[in-house]
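Worksheet: one structure, shown below.
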Amino acid sequence: MTLLDFLDYASVFIFALTGALVASRAQLDIVGFAFLASLTAVGGGTVRDVVLDRNPVFWIAEPTYIGVAVVAAVLVFFTAHIFESRLKVLTWLDACALSVAVPAGTGVALLFNHHPAVALLMGVATGCLGGLMRDVVCNEVPLVLKQGELYVTAAFAGSGAALVAFQFLPAGMALLICAAVTFTLRAGSLIFGWSLPVYRSRPPRR
Amino acid sequence: MTLLDFLDYASVFIFALTGALVASRAQLDIVGFAFLASLTAVGGGTVRDVVLDRNPVFWIAEPTYIGVAVVAAVLVFFTAHIFESRLKVLTWLDACALSVAVPAGTGVALLFNHHPAVALLMGVATGCLGGLMRDVVCNEVPLVLKQGELYVTAAFAGSGAALVAFQFLPAGMALLICAAVTFTLRAGSLIFGWSLPVYRSRPPRR
Amino acid sequence: MTLLDFLDYASVFIFALTGALVASRAQLDIVGFAFLASLTAVGGGTVRDVVLDRNPVFWIAEPTYIGVAVVAAVLVFFTAHIFESRLKVLTWLDACALSVAVPAGTGVALLFNHHPAVALLMGVATGCLGGLMRDVVCNEVPLVLKQGELYVTAAFAGSGAALVAFQFLPAGMALLICAAVTFTLRAGSLIFGWSLPVYRSRPPRR
């Protein structure tokens with residue numbers, strides 16, 4: 001198993017956990033858990049593969065991914081009540097998933113020799129779109145758009161760090177740096193409230 | 001016309017009816033009806049074809065599908081007021097559409113010799129995604145996620161039944177069984193309230 | 001640069017402006033602006049290219065498109081407060097974007113010798129889907145579905161006009177006519193309230 005495969009598996013598993021947690025908030029049955037877990041888990045990577053015309057799509061080539069997502073769904077179905085605050089668990093799991101999905105997306109794009117700008121975008125898209133689909137389908141406010149938090153920014157910075165690191169370090173190291181940067185920024189935003197200035201309407205200048 | 005083509009046509013037509021009914025609830029004009037009908041009608045199958053890299057996408061190869069969806073939209077535009085409860089008609093038409101789209105999705109995946117797990121997922125995706133897009137675009141609570149109803153579960157069971165039946169019976173028979181299982185479960189859920197236990201937060205075990 | 005390239009660039013730029021304006025209403029930070037601007041800008045064209053199996057997708061082949069979208073996002077981030085009514089600016093920019101995206105979609109489909117019905121649909125899809133994604137992700141009521149306004153209808157008429165004009169005029173002229181028809185109908189709807197009769201539930205006939 002290559003590092004890229006491992007990142008894909010890890011991101012599928014963790015995103016599936018978040019999808020199942022959202023399913024638990026919507027009080028679905030176990031098949032609903034599996035459906036939402038799978039959608040979240042493979043959503044971002046599917047867009048990546050379809051847009052890059054990587055054939056076949058990763059979970060078609062290797063349906064084990066779906067099995068992994070289903071296991072995550074079952075796990076959550078029987079244990080979610082243990083956690084006091086499911087929203088908090090969800091937010092942190094999502095941060096972990098983001099941090100492995102961004103290097104997975106960036107790595108695949110670089111492996112296929114795409115332009116760095118494309119790799120940057122694929123990192124952000126793979127990281128953000130699965131969770132975005134989950135939130136849109138369940139009519140929750142997308143985590144991506146939460147005001148005053150670093151989310152897309154964390155993905156963007158992580159992917160950018162990977163691009164720079166690729167110039168000087170072995171690929172595996174670069175992907176680890178990517179994951180670390182993404183997680184640090186996202187976690188710092190959740191714990192310490194790190195953020196970029198948001199847009200605020202100001203009085204017109206003239 | 002093969003059985004698979006017939007299933008595609010039938011699912012396009014019935015899903016288009018449901019899309020147009022949702023358009024009538026949103027009080028759109030006739031072009032809006034056609035747009036929403038087409039989106040619902042070809043949405044699930046398009047995802048299936050793009051993900052399976054089946055080229056060209058079914059309604060590009062045969063634009064008659066779009067014509068069928070438009071006819072359905074016009075039909076609903078001029079007759080929807082006849083029905084006393086459009087929501088009830090919508091729910092039942094959607095059940096029918098689901099029951100033909102699931103075998104259509106499963107069948108195409110098997111025809112292309114995909115792994116059974118992929119075929120299972122394609123059945124569920126083709127069945128559920130068109131209606132999901134319709135509901136997400138119109139900001140309705142997705143039927144897929146209605147609590148305490150069999151929907152994804154019906155699709156899943158139908159697709160699973162097809163996979164088993166394919167081992168022992170001719171393909172056409174297996175697809176019919178798939179449709180029957182899906183419809184029975186969905187209809188049973190609507191009439192008799194059949195359901196799987198849903199997730200409920202319980203007091204922590206420790 | 002061909003006319004089709006120009007239309008793609010123009011539609012990317014203007015759609016990016018609308019995406020950034022929606023981001024300003026959601027009070028995101030500058031990376032959020034860039035994300036939403038890019039999603040809106042390339043969403044419709046990506047669906048067009050993926051469905052038509054045009055390889056590679058336009059912004060993968062030429063990542064400058066993303067640069068254009070980012071420039072638009074930065075521009076809006078620093079100037080949006082100048083405008084008194086951002087919603088009004090948004091609506092009109094969206095009308096302009098629609099009017100260049102519809103010929104871009106129709107033109108690409110015709111260039112690839114697709115059936116006129118497919119070209120018609122690609123025009124409508126390219127024009128409407130980017131904005132639809134933007135509105136769905138931000139949980140706004142999609143402009144596409146605003147009751148009593150010509151939107152899909154304008155796209156549809158513009159694309160239809162292009163198909164007719166292609167029979168008699170050079171391609172460039174036909175695309176300009178397409179843009180003009182789309183914009184006239186959309187603008188007329190916004191200014192003069194032009195509309196098609198919408199569906200209204202009437203008392204049952206029997």
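Chain labels A, B, ... are given in the sequence in which chains occur in the structure tokens; within each chain residues are numbered consecutively from 1, and ligands are likewise numbered from 1 in the order shown.
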request  = Find the residues near A:Ala26: any atom within 12 Å, counting only C-alpha atoms, skip ones fewer than 2 places away on the same chain, and give them as an MDAnalysis selection string.
outcome  = (chainID A and resid 19:24 28:30 32:33 36 77 86 134:135 137:140) or (chainID B and resid 141:142 144:148 198:201)
Counting only C-alpha atoms, which residues of chain A fall within 10 Å of chain B, and what is the closest atom pair for each with its distance in Å at one decimal, ordered by chain and rising number, as JSON lines?
```
{"residue": "A:Ala23", "atom": "CA", "partner": "B:Tyr199", "partner_atom": "CA", "distance": 8.4}
{"residue": "A:Ser24", "atom": "CA", "partner": "B:Tyr199", "partner_atom": "CA", "distance": 5.9}
{"residue": "A:Arg25", "atom": "CA", "partner": "B:Tyr199", "partner_atom": "CA", "distance": 8.5}
{"residue": "A:Ala26", "atom": "CA", "partner": "B:Gln147", "partner_atom": "CA", "distance": 7.5}
{"residue": "A:Gln27", "atom": "CA", "partner": "B:Tyr199", "partner_atom": "CA", "distance": 5.0}
{"residue": "A:Leu28", "atom": "CA", "partner": "B:Val198", "partner_atom": "CA", "distance": 5.2}
{"residue": "A:Asp29", "atom": "CA", "partner": "B:Val198", "partner_atom": "CA", "distance": 4.0}
{"residue": "A:Ile30", "atom": "CA", "partner": "B:Val198", "partner_atom": "CA", "distance": 7.0}
{"residue": "A:Val31", "atom": "CA", "partner": "B:Thr153", "partner_atom": "CA", "distance": 5.6}
{"residue": "A:Gly32", "atom": "CA", "partner": "B:Val152", "partner_atom": "CA", "distance": 6.4}
{"residue": "A:Phe33", "atom": "CA", "partner": "B:Tyr199", "partner_atom": "CA", "distance": 9.0}
{"residue": "A:Ala34", "atom": "CA", "partner": "B:Val152", "partner_atom": "CA", "distance": 9.4}
{"residue": "A:Phe35", "atom": "CA", "partner": "B:Val152", "partner_atom": "CA", "distance": 7.3}
{"residue": "A:Leu36", "atom": "CA", "partner": "B:Leu145", "partner_atom": "CA", "distance": 9.2}
{"residue": "A:Ser38", "atom": "CA", "partner": "B:Leu121", "partner_atom": "CA", "distance": 9.5}
{"residue": "A:Leu39", "atom": "CA", "partner": "B:Ala125", "partner_atom": "CA", "distance": 9.5}
{"residue": "A:Thr46", "atom": "CA", "partner": "B:Val51", "partner_atom": "CA", "distance": 7.7}
{"residue": "A:Val47", "atom": "CA", "partner": "B:Val51", "partner_atom": "CA", "distance": 9.2}
{"residue": "A:Asp49", "atom": "CA", "partner": "B:Val51", "partner_atom": "CA", "distance": 8.8}
{"residue": "A:Val50", "atom": "CA", "partner": "B:Val51", "partner_atom": "CA", "distance": 6.9}
{"residue": "A:Asp53", "atom": "CA", "partner": "B:Asp53", "partner_atom": "CA", "distance": 8.9}
{"residue": "A:Arg54", "atom": "CA", "partner": "B:Asp53", "partner_atom": "CA", "distance": 9.8}
{"residue": "A:Asn55", "atom": "CA", "partner": "B:Asp53", "partner_atom": "CA", "distance": 7.5}
{"residue": "A:Pro56", "atom": "CA", "partner": "B:Leu52", "partner_atom": "CA", "distance": 7.2}
{"residue": "A:Val57", "atom": "CA", "partner": "B:Val51", "partner_atom": "CA", "distance": 6.6}
{"residue": "A:Phe58", "atom": "CA", "partner": "B:Val51", "partner_atom": "CA", "distance": 9.9}
{"residue": "A:Trp59", "atom": "CA", "partner": "B:Val118", "partner_atom": "CA", "distance": 8.2}
{"residue": "A:Ile60", "atom": "CA", "partner": "B:Val118", "partner_atom": "CA", "distance": 6.2}
{"residue": "A:Ala61", "atom": "CA", "partner": "B:His115", "partner_atom": "CA", "distance": 8.8}
{"residue": "A:Glu62", "atom": "CA", "partner": "B:His115", "partner_atom": "CA", "distance": 8.9}
{"residue": "A:Pro63", "atom": "CA", "partner": "B:Ala117", "partner_atom": "CA", "distance": 6.4}
{"residue": "A:Thr64", "atom": "CA", "partner": "B:Ala117", "partner_atom": "CA", "distance": 8.7}
{"residue": "A:Ile66", "atom": "CA", "partner": "B:Ala117", "partner_atom": "CA", "distance": 8.0}
{"residue": "A:Gly67", "atom": "CA", "partner": "B:Ala117", "partner_atom": "CA", "distance": 8.7}
{"residue": "A:Val76", "atom": "CA", "partner": "B:Tyr199", "partner_atom": "CA", "distance": 9.8}
{"residue": "A:Phe77", "atom": "CA", "partner": "B:Tyr199", "partner_atom": "CA", "distance": 6.6}
{"residue": "A:Phe78", "atom": "CA", "partner": "B:Tyr199", "partner_atom": "CA", "distance": 8.5}
{"residue": "A:Thr79", "atom": "CA", "partner": "B:Pro204", "partner_atom": "CA", "distance": 9.1}
{"residue": "A:Ala80", "atom": "CA", "partner": "B:Ser201", "partner_atom": "CA", "distance": 7.5}
{"residue": "A:His81", "atom": "CA", "partner": "B:Ser201", "partner_atom": "CA", "distance": 5.0}
{"residue": "A:Ile82", "atom": "CA", "partner": "B:Pro204", "partner_atom": "CA", "distance": 4.7}
{"residue": "A:Phe83", "atom": "CA", "partner": "B:Pro204", "partner_atom": "CA", "distance": 7.3}
{"residue": "A:Glu84", "atom": "CA", "partner": "B:Pro204", "partner_atom": "CA", "distance": 7.8}
{"residue": "A:Arg86", "atom": "CA", "partner": "B:Ser201", "partner_atom": "CA", "distance": 10.0}
{"residue": "A:Val136", "atom": "CA", "partner": "B:Val136", "partner_atom": "CA", "distance": 7.4}
{"residue": "A:Val137", "atom": "CA", "partner": "B:Val136", "partner_atom": "CA", "distance": 6.4}
{"residue": "A:Cys138", "atom": "CA", "partner": "B:Leu145", "partner_atom": "CA", "distance": 7.8}
{"residue": "A:Asn139", "atom": "CA", "partner": "B:Val141", "partner_atom": "CA", "distance": 7.9}
```
ask   = Which polymer residues have any atom within 9 Å of an atom of B:Ala179, counting only C-alpha atoms, with same-chain residues fewer than 4 positions away left out, as a ChimeraX atom specification?
value = /B:96,98-103,155,158-159,162,174-175,183-184
Take the residues from that selection and put them in a file with N, CA and C atoms, as a compact mmCIF listing (two decimals), in the first residue's frame.
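This is the output file selection_27.txt:
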```txt
# COMPACT_ATOMS: atom_id res chain seq x y z
N CYS B 96 -42.37 4.76 -7.37
CA CYS B 96 -42.31 4.02 -8.64
C CYS B 96 -40.98 4.29 -9.35
N LEU B 98 -38.17 5.24 -8.11
CA LEU B 98 -37.10 4.54 -7.39
C LEU B 98 -37.04 3.07 -7.82
N SER B 99 -38.21 2.47 -7.93
CA SER B 99 -38.27 1.04 -8.22
C SER B 99 -37.83 0.69 -9.63
N VAL B 100 -37.83 1.64 -10.55
CA VAL B 100 -37.28 1.33 -11.88
C VAL B 100 -35.84 1.82 -12.02
N ALA B 101 -35.49 2.86 -11.26
CA ALA B 101 -34.13 3.38 -11.39
C ALA B 101 -33.11 2.46 -10.72
N VAL B 102 -33.50 1.81 -9.63
CA VAL B 102 -32.54 0.92 -8.95
C VAL B 102 -32.13 -0.24 -9.87
N PRO B 103 -33.08 -0.98 -10.48
CA PRO B 103 -32.62 -2.00 -11.42
C PRO B 103 -31.85 -1.42 -12.61
N ALA B 155 -33.94 0.74 -1.70
CA ALA B 155 -33.04 0.69 -2.85
C ALA B 155 -31.94 -0.35 -2.63
N GLY B 158 -33.36 -3.89 -2.78
CA GLY B 158 -33.68 -4.25 -4.16
C GLY B 158 -32.42 -4.58 -4.94
N SER B 159 -31.42 -3.73 -4.80
CA SER B 159 -30.18 -3.94 -5.52
C SER B 159 -29.51 -5.24 -5.05
N ALA B 162 -31.21 -8.19 -6.57
CA ALA B 162 -30.80 -8.37 -7.96
C ALA B 162 -29.48 -9.13 -8.04
N ALA B 174 -34.01 -11.15 -12.99
CA ALA B 174 -33.35 -10.59 -11.81
C ALA B 174 -33.69 -9.12 -11.65
N LEU B 175 -33.75 -8.39 -12.78
CA LEU B 175 -34.06 -6.97 -12.69
C LEU B 175 -35.51 -6.76 -12.25
N PHE B 183 -39.97 -1.82 -4.66
CA PHE B 183 -41.29 -1.21 -4.55
C PHE B 183 -42.05 -1.73 -3.33
N THR B 184 -41.95 -3.03 -3.09
CA THR B 184 -42.66 -3.60 -1.95
C THR B 184 -42.21 -2.96 -0.64
```
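Atom CA of B:Val181 to atom CA of A:Ala37 spans 23.9 Å [interatomic distance, one decimal].
Atom pair atom CA of A:Ile14 / atom CA of A:Ala171 has a distance of 22.8 Å (rounded to one decimal).
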message = Could you tell me how far atom CA of A:Gly44 sits from atom CA of B:Gly105, in Å to one decimal place?
response = 21.5 Å
